[in-house]
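A.B. asks: For reference, this is my_file22.cif, and it has mmCIF, C-alpha atoms.
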```cif
data_start
loop_
_atom_site.group_PDB
_atom_site.id
_atom_site.type_symbol
_atom_site.label_atom_id
_atom_site.label_comp_id
_atom_site.auth_asym_id
_atom_site.auth_seq_id
_atom_site.Cartn_x
_atom_site.Cartn_y
_atom_site.Cartn_z
ATOM 1 C CA MET A 1 -16.482 -17.382 15.290
ATOM 2 C CA PRO A 2 -15.946 -13.658 16.033
ATOM 3 C CA GLU A 3 -13.511 -11.581 13.993
ATOM 4 C CA VAL A 4 -11.870 -10.234 17.133
ATOM 5 C CA LEU A 5 -11.409 -11.671 20.611
ATOM 6 C CA SER A 6 -11.286 -9.409 23.661
ATOM 7 C CA VAL A 7 -8.490 -10.282 26.088
ATOM 8 C CA GLY A 8 -8.849 -7.824 28.945
ATOM 9 C CA PRO A 9 -8.289 -4.355 27.438
ATOM 10 C CA PHE A 10 -6.709 -5.835 24.304
ATOM 11 C CA LEU A 11 -8.279 -6.854 20.991
ATOM 12 C CA VAL A 12 -6.752 -9.848 19.249
ATOM 13 C CA ALA A 13 -7.720 -10.457 15.638
ATOM 14 C CA THR A 14 -9.004 -13.994 15.169
ATOM 15 C CA VAL A 15 -7.143 -14.248 11.874
ATOM 16 C CA ARG A 16 -3.834 -13.799 13.722
ATOM 17 C CA LEU A 17 -4.673 -16.559 16.168
ATOM 18 C CA LEU A 18 -5.631 -18.788 13.234
ATOM 19 C CA LEU A 19 -2.339 -17.993 11.549
ATOM 20 C CA VAL A 20 -0.362 -18.947 14.667
ATOM 21 C CA ALA A 21 -2.393 -22.151 15.045
ATOM 22 C CA GLY A 22 -1.813 -22.999 11.384
ATOM 23 C CA LEU A 23 1.937 -22.482 11.667
ATOM 24 C CA LEU A 24 2.134 -24.612 14.821
ATOM 25 C CA LEU A 25 0.251 -27.378 13.038
ATOM 26 C CA ALA A 26 2.538 -27.009 10.016
ATOM 27 C CA SER A 27 5.599 -27.429 12.214
ATOM 28 C CA TRP A 28 4.185 -30.448 14.072
ATOM 29 C CA TRP A 29 2.848 -32.184 10.971
ATOM 30 C CA GLY A 30 5.982 -31.532 8.935
ATOM 31 C CA THR A 31 8.213 -32.816 11.745
ATOM 32 C CA ARG A 32 6.036 -35.916 12.145
ATOM 33 C CA ALA A 33 6.100 -36.634 8.401
ATOM 34 C CA ALA A 34 9.882 -36.211 8.284
ATOM 35 C CA ARG A 35 10.511 -38.576 11.179
ATOM 36 C CA GLY A 36 8.110 -41.105 9.664
ATOM 37 C CA ALA A 37 10.278 -41.077 6.531
ATOM 38 C CA GLY A 38 13.486 -41.457 8.532
ATOM 39 C CA LEU A 39 14.528 -37.828 8.003
ATOM 40 C CA ASP A 40 15.732 -35.120 10.377
ATOM 41 C CA GLY A 41 12.476 -33.881 11.891
ATOM 42 C CA GLN A 42 14.156 -31.140 13.913
ATOM 43 C CA TRP A 43 15.568 -29.608 10.725
ATOM 44 C CA VAL A 44 12.111 -29.565 9.156
ATOM 45 C CA GLY A 45 10.591 -27.967 12.254
ATOM 46 C CA ASN A 46 13.282 -25.280 12.283
ATOM 47 C CA VAL A 47 12.727 -24.502 8.612
ATOM 48 C CA VAL A 48 8.978 -24.175 9.126
ATOM 49 C CA PHE A 49 9.531 -21.773 12.032
ATOM 50 C CA ASN A 50 12.104 -19.667 10.184
ATOM 51 C CA ALA A 51 9.981 -19.606 7.031
ATOM 52 C CA SER A 52 7.062 -18.386 9.136
ATOM 53 C CA VAL A 53 9.150 -15.548 10.561
ATOM 54 C CA ALA A 54 10.372 -14.668 7.055
ATOM 55 C CA GLY A 55 6.767 -14.660 5.872
ATOM 56 C CA VAL A 56 5.600 -12.282 8.585
ATOM 57 C CA LEU A 57 8.520 -9.918 8.004
ATOM 58 C CA GLY A 58 8.028 -10.102 4.248
ATOM 59 C CA ALA A 59 4.329 -9.273 4.555
ATOM 60 C CA ARG A 60 5.115 -6.311 6.798
ATOM 61 C CA LEU A 61 7.950 -5.048 4.610
ATOM 62 C CA GLY A 62 5.787 -5.291 1.502
ATOM 63 C CA PHE A 63 3.038 -3.227 3.103
ATOM 64 C CA VAL A 64 5.472 -0.633 4.440
ATOM 65 C CA LEU A 65 7.108 -0.161 1.038
ATOM 66 C CA LEU A 66 3.756 0.238 -0.724
ATOM 67 C CA ASN A 67 2.547 2.684 1.934
ATOM 68 C CA TRP A 68 5.774 4.462 2.792
ATOM 69 C CA GLU A 69 4.019 7.821 3.017
ATOM 70 C CA GLY A 70 2.321 6.642 6.204
ATOM 71 C CA TYR A 71 5.650 5.674 7.802
ATOM 72 C CA ARG A 72 7.968 8.340 6.423
ATOM 73 C CA ASP A 73 7.549 10.810 9.293
ATOM 74 C CA ASN A 74 7.976 8.125 11.961
ATOM 75 C CA PRO A 75 9.720 5.076 10.445
ATOM 76 C CA LEU A 76 9.902 3.247 13.784
ATOM 77 C CA THR A 77 6.136 2.649 13.616
ATOM 78 C CA ALA A 78 6.884 0.103 10.891
ATOM 79 C CA LEU A 79 8.136 -2.099 13.735
ATOM 80 C CA TYR A 80 4.757 -1.967 15.522
ATOM 81 C CA LEU A 81 3.883 -5.440 14.324
ATOM 82 C CA TRP A 82 0.694 -5.543 16.404
ATOM 83 C CA GLN A 83 -0.835 -2.829 14.229
ATOM 84 C CA PRO A 84 -2.617 -3.668 10.952
ATOM 85 C CA GLY A 85 -0.636 -3.529 7.748
ATOM 86 C CA TYR A 86 0.511 -6.736 6.052
ATOM 87 C CA LEU A 87 0.694 -7.708 2.377
ATOM 88 C CA PRO A 88 -0.234 -11.418 2.119
ATOM 89 C CA TRP A 89 1.445 -12.163 -1.225
ATOM 90 C CA ALA A 90 4.690 -10.575 -0.017
ATOM 91 C CA GLY A 91 4.529 -12.833 3.031
ATOM 92 C CA VAL A 92 4.050 -15.913 0.858
ATOM 93 C CA LEU A 93 7.050 -14.928 -1.235
ATOM 94 C CA GLY A 94 9.148 -14.326 1.871
ATOM 95 C CA GLY A 95 8.315 -17.702 3.398
ATOM 96 C CA LEU A 96 8.673 -19.554 0.103
ATOM 97 C CA GLY A 97 11.993 -17.863 -0.585
ATOM 98 C CA TYR A 98 13.385 -18.923 2.767
ATOM 99 C CA GLY A 99 12.130 -22.488 2.322
ATOM 100 C CA LEU A 100 13.744 -22.817 -1.096
ATOM 101 C CA TRP A 101 16.984 -21.338 0.226
ATOM 102 C CA ALA A 102 17.018 -23.804 3.133
ATOM 103 C CA LEU A 103 16.421 -26.734 0.778
ATOM 104 C CA SER A 104 19.246 -25.546 -1.458
ATOM 105 C CA ARG A 105 21.611 -25.903 1.504
ATOM 106 C CA ARG A 106 20.995 -29.633 1.716
ATOM 107 C CA PRO A 107 22.750 -32.145 -0.558
ATOM 108 C CA LYS A 108 21.061 -32.327 -3.940
ATOM 109 C CA SER A 109 20.122 -35.970 -3.422
ATOM 110 C CA GLN A 110 18.102 -35.079 -0.289
ATOM 111 C CA ARG A 111 16.176 -32.058 -1.528
ATOM 112 C CA ALA A 112 13.156 -33.876 -2.929
ATOM 113 C CA ALA A 113 12.830 -36.052 0.185
ATOM 114 C CA TYR A 114 12.907 -33.046 2.516
ATOM 115 C CA ALA A 115 10.603 -30.994 0.319
ATOM 116 C CA ARG A 116 7.796 -33.516 0.852
ATOM 117 C CA PRO A 117 7.357 -33.070 4.669
ATOM 118 C CA LEU A 118 7.681 -29.309 4.272
ATOM 119 C CA VAL A 119 4.876 -29.280 1.700
ATOM 120 C CA LEU A 120 2.749 -31.624 3.825
ATOM 121 C CA GLY A 121 3.258 -29.465 6.914
ATOM 122 C CA PHE A 122 2.320 -26.203 5.239
ATOM 123 C CA ALA A 123 -0.623 -27.881 3.487
ATOM 124 C CA ALA A 124 -2.004 -29.029 6.856
ATOM 125 C CA GLY A 125 -1.461 -25.603 8.410
ATOM 126 C CA GLY A 126 -3.013 -23.875 5.409
ATOM 127 C CA ALA A 127 -6.071 -26.130 5.576
ATOM 128 C CA LEU A 128 -6.596 -25.305 9.254
ATOM 129 C CA PHE A 129 -6.243 -21.588 8.561
ATOM 130 C CA ALA A 130 -8.680 -21.732 5.620
ATOM 131 C CA LEU A 131 -11.267 -23.631 7.660
ATOM 132 C CA GLY A 132 -11.057 -21.223 10.573
ATOM 133 C CA TYR A 133 -11.120 -18.199 8.291
ATOM 134 C CA SER A 134 -14.268 -19.457 6.578
ATOM 135 C CA LEU A 135 -15.950 -19.792 9.974
ATOM 136 C CA THR A 136 -15.160 -16.167 10.857
ATOM 137 C CA GLY A 137 -17.203 -15.149 7.824
ATOM 138 C CA LEU A 138 -20.343 -16.938 8.984
ATOM 139 C CA ARG A 139 -21.388 -13.953 11.066
ATOM 140 C CA ALA A 140 -21.413 -11.899 7.878
ATOM 141 C CA GLY A 141 -24.497 -13.869 6.827
ATOM 142 C CA ASP A 142 -26.577 -12.022 9.440
ATOM 143 C CA PRO A 143 -28.937 -9.873 7.323
ATOM 144 C CA THR A 144 -29.018 -7.144 9.986
ATOM 145 C CA LEU A 145 -25.290 -6.443 9.668
ATOM 146 C CA VAL A 146 -23.890 -3.824 7.313
ATOM 147 C CA ARG A 147 -21.199 -5.303 5.071
ATOM 148 C CA PRO A 148 -18.798 -3.758 2.529
ATOM 149 C CA GLY A 149 -20.772 -2.749 -0.529
ATOM 150 C CA ASP A 150 -24.006 -2.211 1.411
ATOM 151 C CA PRO A 151 -25.557 1.244 1.750
ATOM 152 C CA ALA A 152 -24.717 2.708 5.131
ATOM 153 C CA PRO A 153 -27.848 3.019 7.275
ATOM 154 C CA GLU A 154 -29.090 6.441 8.204
ATOM 155 C CA VAL A 155 -27.565 7.654 11.447
ATOM 156 C CA ARG A 156 -29.544 10.146 13.532
ATOM 157 C CA LEU A 157 -27.773 11.360 16.665
ATOM 158 C CA VAL A 158 -26.861 14.689 18.259
ATOM 159 C CA ASN A 159 -23.577 16.553 18.500
ATOM 160 C CA LEU A 160 -22.014 17.764 21.743
ATOM 161 C CA GLU A 161 -24.097 20.945 21.534
ATOM 162 C CA GLY A 162 -27.276 18.847 21.464
ATOM 163 C CA GLN A 163 -28.068 19.694 17.826
ATOM 164 C CA PRO A 164 -29.489 16.977 15.538
ATOM 165 C CA VAL A 165 -27.001 15.437 13.102
ATOM 166 C CA ALA A 166 -27.439 12.810 10.397
ATOM 167 C CA LEU A 167 -25.143 10.765 8.200
ATOM 168 C CA SER A 168 -27.201 11.739 5.145
ATOM 169 C CA GLY A 169 -26.022 15.309 5.678
ATOM 170 C CA LEU A 170 -22.530 14.156 4.647
ATOM 171 C CA ARG A 171 -23.617 12.530 1.380
ATOM 172 C CA GLY A 172 -21.167 13.398 -1.393
ATOM 173 C CA ARG A 173 -18.220 13.290 0.998
ATOM 174 C CA ALA A 174 -16.033 10.394 2.019
ATOM 175 C CA VAL A 175 -16.731 9.574 5.668
ATOM 176 C CA VAL A 176 -14.568 7.991 8.348
ATOM 177 C CA LEU A 177 -17.000 6.905 11.070
ATOM 178 C CA ASN A 178 -15.053 6.054 14.218
ATOM 179 C CA PHE A 179 -16.808 4.326 17.141
ATOM 180 C CA TRP A 180 -14.963 5.068 20.361
ATOM 181 C CA ALA A 181 -15.328 5.682 24.111
ATOM 182 C CA THR A 182 -13.465 7.752 26.677
ATOM 183 C CA TRP A 183 -12.564 4.622 28.692
ATOM 184 C CA CYS A 184 -10.849 2.973 25.686
ATOM 185 C CA PRO A 185 -7.030 3.590 25.631
ATOM 186 C CA PRO A 186 -6.528 2.683 21.917
ATOM 187 C CA CYS A 187 -9.410 5.015 21.043
ATOM 188 C CA ARG A 188 -7.751 7.893 22.859
ATOM 189 C CA ARG A 189 -4.362 7.165 21.286
ATOM 190 C CA GLU A 190 -5.690 7.294 17.731
ATOM 191 C CA MET A 191 -7.685 10.531 18.114
ATOM 192 C CA PRO A 192 -4.754 12.853 17.252
ATOM 193 C CA LEU A 193 -4.175 10.737 14.137
ATOM 194 C CA LEU A 194 -7.818 11.067 13.087
ATOM 195 C CA ASP A 195 -7.617 14.800 13.720
ATOM 196 C CA SER A 196 -4.533 15.177 11.515
ATOM 197 C CA ILE A 197 -6.100 13.099 8.713
ATOM 198 C CA GLN A 198 -9.209 15.284 8.872
ATOM 199 C CA ALA A 199 -7.066 18.401 8.524
ATOM 200 C CA GLU A 200 -5.028 16.899 5.682
ATOM 201 C CA PHE A 201 -7.905 15.644 3.529
ATOM 202 C CA ARG A 202 -10.840 17.877 4.457
ATOM 203 C CA GLY A 203 -10.283 20.011 1.376
ATOM 204 C CA ARG A 204 -10.524 16.881 -0.797
ATOM 205 C CA GLY A 205 -13.928 15.897 0.495
ATOM 206 C CA LEU A 206 -13.241 13.914 3.673
ATOM 207 C CA ALA A 207 -15.307 14.049 6.847
ATOM 208 C CA VAL A 208 -14.159 12.348 10.052
ATOM 209 C CA VAL A 209 -16.859 11.729 12.646
ATOM 210 C CA GLY A 210 -16.403 10.214 16.093
ATOM 211 C CA VAL A 211 -19.387 8.309 17.486
ATOM 212 C CA ASP A 212 -19.082 7.920 21.230
ATOM 213 C CA LEU A 213 -20.504 4.642 22.429
ATOM 214 C CA ASN A 214 -23.224 4.902 25.037
ATOM 215 C CA GLU A 215 -21.696 7.479 27.403
ATOM 216 C CA ASP A 216 -23.025 10.577 29.139
ATOM 217 C CA PRO A 217 -22.515 13.532 26.740
ATOM 218 C CA ARG A 218 -21.145 15.626 29.605
ATOM 219 C CA THR A 219 -18.383 13.081 30.184
ATOM 220 C CA VAL A 220 -17.604 13.050 26.470
ATOM 221 C CA ALA A 221 -17.589 16.859 26.172
ATOM 222 C CA ALA A 222 -15.204 17.183 29.119
ATOM 223 C CA TYR A 223 -12.790 14.706 27.557
ATOM 224 C CA ILE A 224 -12.932 16.370 24.118
ATOM 225 C CA ARG A 225 -12.096 19.741 25.657
ATOM 226 C CA GLN A 226 -9.055 18.124 27.241
ATOM 227 C CA ALA A 227 -8.023 16.223 24.084
ATOM 228 C CA GLY A 228 -8.460 19.250 21.835
ATOM 229 C CA VAL A 229 -9.510 17.378 18.689
ATOM 230 C CA GLY A 230 -11.375 19.301 16.010
ATOM 231 C CA TYR A 231 -13.499 16.740 14.191
ATOM 232 C CA PRO A 232 -17.177 16.424 15.214
ATOM 233 C CA ILE A 233 -18.279 14.031 17.934
ATOM 234 C CA TRP A 234 -21.777 12.524 17.869
ATOM 235 C CA VAL A 235 -23.507 11.108 20.949
ATOM 236 C CA ASP A 236 -26.826 9.687 22.064
ATOM 237 C CA ALA A 237 -29.792 12.036 22.293
ATOM 238 C CA PRO A 238 -31.376 12.301 25.755
ATOM 239 C CA PRO A 239 -33.603 9.290 26.468
ATOM 240 C CA GLY A 240 -37.229 9.606 25.490
ATOM 241 C CA GLN A 241 -36.695 11.711 22.373
ATOM 242 C CA PRO A 242 -38.221 9.916 19.363
ATOM 243 C CA GLY A 243 -36.595 9.809 15.944
ATOM 244 C CA TYR A 244 -33.038 9.282 17.135
ATOM 245 C CA ASP A 245 -30.810 6.216 16.979
ATOM 246 C CA ARG A 246 -28.913 4.708 19.880
ATOM 247 C CA THR A 247 -25.155 4.453 19.465
ATOM 248 C CA GLN A 248 -25.048 0.911 20.859
ATOM 249 C CA ALA A 249 -27.570 -0.309 18.266
ATOM 250 C CA LEU A 250 -25.655 1.391 15.438
ATOM 251 C CA TYR A 251 -22.372 -0.087 16.656
ATOM 252 C CA THR A 252 -23.900 -3.566 16.627
ATOM 253 C CA ARG A 253 -25.409 -3.059 13.188
ATOM 254 C CA PHE A 254 -22.044 -2.013 11.777
ATOM 255 C CA GLY A 255 -20.633 -5.292 13.091
ATOM 256 C CA GLY A 256 -18.855 -3.858 16.093
ATOM 257 C CA VAL A 257 -17.060 -6.468 18.168
ATOM 258 C CA GLY A 258 -14.513 -4.272 19.938
ATOM 259 C CA LEU A 259 -13.418 -0.666 20.287
ATOM 260 C CA PRO A 260 -12.246 1.209 18.419
ATOM 261 C CA THR A 261 -14.148 0.276 15.264
ATOM 262 C CA THR A 262 -13.775 2.454 12.168
ATOM 263 C CA VAL A 263 -16.078 2.344 9.145
ATOM 264 C CA PHE A 264 -15.026 3.856 5.814
ATOM 265 C CA ILE A 265 -17.947 5.132 3.719
ATOM 266 C CA ARG A 266 -17.797 6.220 0.088
ATOM 267 C CA PRO A 267 -19.329 9.511 -1.130
ATOM 268 C CA ASP A 268 -22.299 7.578 -2.576
ATOM 269 C CA GLY A 269 -23.145 6.310 0.904
ATOM 270 C CA THR A 270 -21.959 2.711 0.503
ATOM 271 C CA VAL A 271 -19.585 1.044 2.931
ATOM 272 C CA HIS A 272 -16.079 0.467 1.600
ATOM 273 C CA SER A 273 -14.471 -1.332 4.554
ATOM 274 C CA ARG A 274 -14.291 -1.636 8.311
ATOM 275 C CA GLN A 275 -11.372 -1.945 10.711
ATOM 276 C CA VAL A 276 -11.548 -3.186 14.272
ATOM 277 C CA GLY A 277 -8.712 -2.082 16.513
ATOM 278 C CA GLU A 278 -6.287 0.806 16.692
ATOM 279 C CA LEU A 279 -5.513 2.590 13.451
ATOM 280 C CA SER A 280 -2.030 3.198 12.092
ATOM 281 C CA ARG A 281 -1.322 6.177 9.878
ATOM 282 C CA ALA A 282 -0.519 3.910 6.939
ATOM 283 C CA SER A 283 -3.697 1.820 7.150
ATOM 284 C CA LEU A 284 -5.852 4.900 7.774
ATOM 285 C CA THR A 285 -4.324 6.826 4.872
ATOM 286 C CA ARG A 286 -4.701 3.839 2.567
ATOM 287 C CA ASN A 287 -8.419 3.478 3.341
ATOM 288 C CA VAL A 288 -9.029 7.215 3.117
ATOM 289 C CA ARG A 289 -7.438 7.433 -0.322
ATOM 290 C CA ALA A 290 -9.647 4.530 -1.444
ATOM 291 C CA ILE A 291 -12.876 6.435 -0.601
ATOM 292 C CA LEU A 292 -11.990 10.003 -1.542
ATOM 293 C CA PRO A 293 -14.317 11.454 -4.200
#
```
Mind turning this structure into structure tokens?

C.D. replies:
Amino acid sequence: MPEVLSVGPFLVATVRLLLVAGLLLASWWGTRAARGAGLDGQWVGNVVFNASVAGVLGARLGFVLLNWEGYRDNPLTALYLWQPGYLPWAGVLGGLGYGLWALSRRPKSQRAAYARPLVLGFAAGGALFALGYSLTGLRAGDPTLVRPGDPAPEVRLVNLEGQPVALSGLRGRAVVLNFWATWCPPCRREMPLLDSIQAEFRGRGLAVVGVDLNEDPRTVAAYIRQAGVGYPIWVDAPPGQPGYDRTQALYTRFGGVGLPTTVFIRPDGTVHSRQVGELSRASLTRNVRAILP
């Protein structure tokens, strides 16, 4: 099962779909168990739904509070719930807190009876989520893929001036390797953010590199002149030149399943993490701070 599903121009994280499926199952199973016990199934279904909403908001709020620096200049971006940035344990606490509060509103003699279908519902939903999540990790068993903790492979490409460049030339610096393309709207949107992060952390040993995926260098150069970003862009060498990598092959090896894909590499050359999809300032800053020398 892939980590990300492409729906037209959009990337949908599989884990989010699994979460929605798990919550739907939790609601259905909890309602069914309640009705089977002669209880108010609609009440149980409503509590499951509201607890799910509380969990999502709690997970988002927890992440925002822990990474406030990334939201301080533009607090409204905290409401961009489609962007990465959730704290799982805060979500569990939020959902659990709402569930306990809802139970406390029922007569004391009914609380234990209503707790049972709620627990059964969330147990069923959690089992579905865990099973699906384990299947998304099967692709990580491919020995050709680079995973967190692995040494990053050597990358040999050329810059927009046609000069040879290599990832080994950045050893000793933290590297943000961003796979992108000019036809990708999320890629274009996040470029100013990458440029500002490069300017902010360059003096602390950070290098941001954009790797354009399989496009004509002239097309890329024209777009970069228009966009005005300052970090280096690497592209494919002209066909027929030996000793160079192809961007498509590198993208696949780094586990690329959708653009943009960003790989965070430690100064010792090992991979720290990877993010598929558009970056937010908070998630980008958090990963950058984790790899700075």

A.B. asks: Translate the PyMOL selection byres ((chain A and resi 169-175) around 6) into a concrete residue list for this structure, as a ChimeraX atom specification.

C.D. replies: /A:166-168,176,205-208,264-267,291-292

A.B. asks: Write out as a PyMOL selection string each polymer residue whose atoms come within 8 Å of range 92-103 of chain A, counting only C-alpha atoms; drop sequence neighbours fewer than 4 positions from it.

C.D. replies: chain A and resi 47-48+50-59+88+111+114-115

A.B. asks: Provide an axis-aligned box for all listed atoms of range 19-35 of chain A, padding each side by 5 Å; report its centre and its edge lengths in Å to one decimal, as lines of an AutoDock Vina configuration file.

C.D. replies:
```
center_x = 4.1
center_y = -28.3
center_z = 11.7
size_x = 22.9
size_y = 30.6
size_z = 16.8
```

A.B. asks: Produce a table with one row for each residue of range 27-137 of chain A that has an atom at most 9 Å from any atom of range 280-283 of chain A, each row naming the nearest atom pair and its distance in Å at one decimal; use all atoms listed in the file; arrange rows by chain and rising residue number; format as a tab-separated table.

C.D. replies:
```
residue	atom	partner	partner_atom	distance
A:Phe63	CA	A:Ala282	CA	8.8
A:Val64	CA	A:Ala282	CA	7.9
A:Asn67	CA	A:Ala282	CA	6.0
A:Trp68	CA	A:Ala282	CA	7.6
A:Glu69	CA	A:Ala282	CA	7.2
A:Gly70	CA	A:Ala282	CA	4.0
A:Tyr71	CA	A:Ala282	CA	6.5
A:Thr77	CA	A:Ser280	CA	8.3
A:Gln83	CA	A:Ser280	CA	6.5
A:Pro84	CA	A:Ser283	CA	6.8
A:Gly85	CA	A:Ser283	CA	6.2
```

A.B. asks: Write the selection just made, keeping C-alpha atoms, as a PDB file, in the coordinates of the input?

C.D. replies:
```pdb
ATOM      1  CA  PHE A  63       3.038  -3.227   3.103  1.00  0.00           C
ATOM      2  CA  VAL A  64       5.472  -0.633   4.440  1.00  0.00           C
ATOM      3  CA  ASN A  67       2.547   2.684   1.934  1.00  0.00           C
ATOM      4  CA  TRP A  68       5.774   4.462   2.792  1.00  0.00           C
ATOM      5  CA  GLU A  69       4.019   7.821   3.017  1.00  0.00           C
ATOM      6  CA  GLY A  70       2.321   6.642   6.204  1.00  0.00           C
ATOM      7  CA  TYR A  71       5.650   5.674   7.802  1.00  0.00           C
ATOM      8  CA  THR A  77       6.136   2.649  13.616  1.00  0.00           C
ATOM      9  CA  GLN A  83      -0.835  -2.829  14.229  1.00  0.00           C
ATOM     10  CA  PRO A  84      -2.617  -3.668  10.952  1.00  0.00           C
ATOM     11  CA  GLY A  85      -0.636  -3.529   7.748  1.00  0.00           C
TER      12      GLY A  85
END
```

A.B. asks: Identify which of the residues A:Leu194, A:Val165, A:Val276, A:Val211 lies closest to Thr182 in chain A, counting all atoms listed in the file when measuring atom-to-atom distances.

C.D. replies: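 For Thr182 in chain A, the nearest of the given residues is A:Val211.
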
A.B. asks: Using 6 Å as the limit and counting only C-alpha atoms, can you tabulate each residue of range 106-182 of chain A that touches range 229-248 of chain A, with its shortest atom-to-atom distance in Å and the two atoms involved, as CSV?

C.D. replies:
```
residue,atom,partner,partner_atom,distance
A:Arg156,CA,A:Tyr244,CA,5.1
A:Leu157,CA,A:Tyr244,CA,5.7
A:Val158,CA,A:Trp234,CA,5.5
A:Asn159,CA,A:Trp234,CA,4.5
```

A.B. asks: Write a file of the just-selected residues containing C-alpha atoms, as a PDB file, in the coordinates of the input.

C.D. replies:
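Result went into selection.pdb, see below:
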```pdb
ATOM      1  CA  ARG A 156     -29.544  10.146  13.532  1.00  0.00           C
ATOM      2  CA  LEU A 157     -27.773  11.360  16.665  1.00  0.00           C
ATOM      3  CA  VAL A 158     -26.861  14.689  18.259  1.00  0.00           C
ATOM      4  CA  ASN A 159     -23.577  16.553  18.500  1.00  0.00           C
TER       5      ASN A 159
END
```

A.B. asks: Work out how far CA of Leu120 in chain A is from CA of Arg35 in chain A, in Å to one decimal.

C.D. replies: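 Taking CA of Arg35 in chain A as the start and CA of Leu120 in chain A as the end point, the length is 12.8 Å.
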
A.B. asks: Expanded to explicit residues, what is the PyMOL selection byres ((chain A and resi 153) around 10) for this file, as a PyMOL selection string?

C.D. replies: chain A and resi 146+150-152+154-156+167-168+250+253-254+269-271

A.B. asks: Give the answer as one residue: which of A:Lys108, A:Arg116, A:Arg32, A:Arg274 has the shortest atom-to-atom distance to Gly256 in chain A, using all atoms listed in the file?

C.D. replies: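 The closest residue to Gly256 in chain A is A:Arg274.
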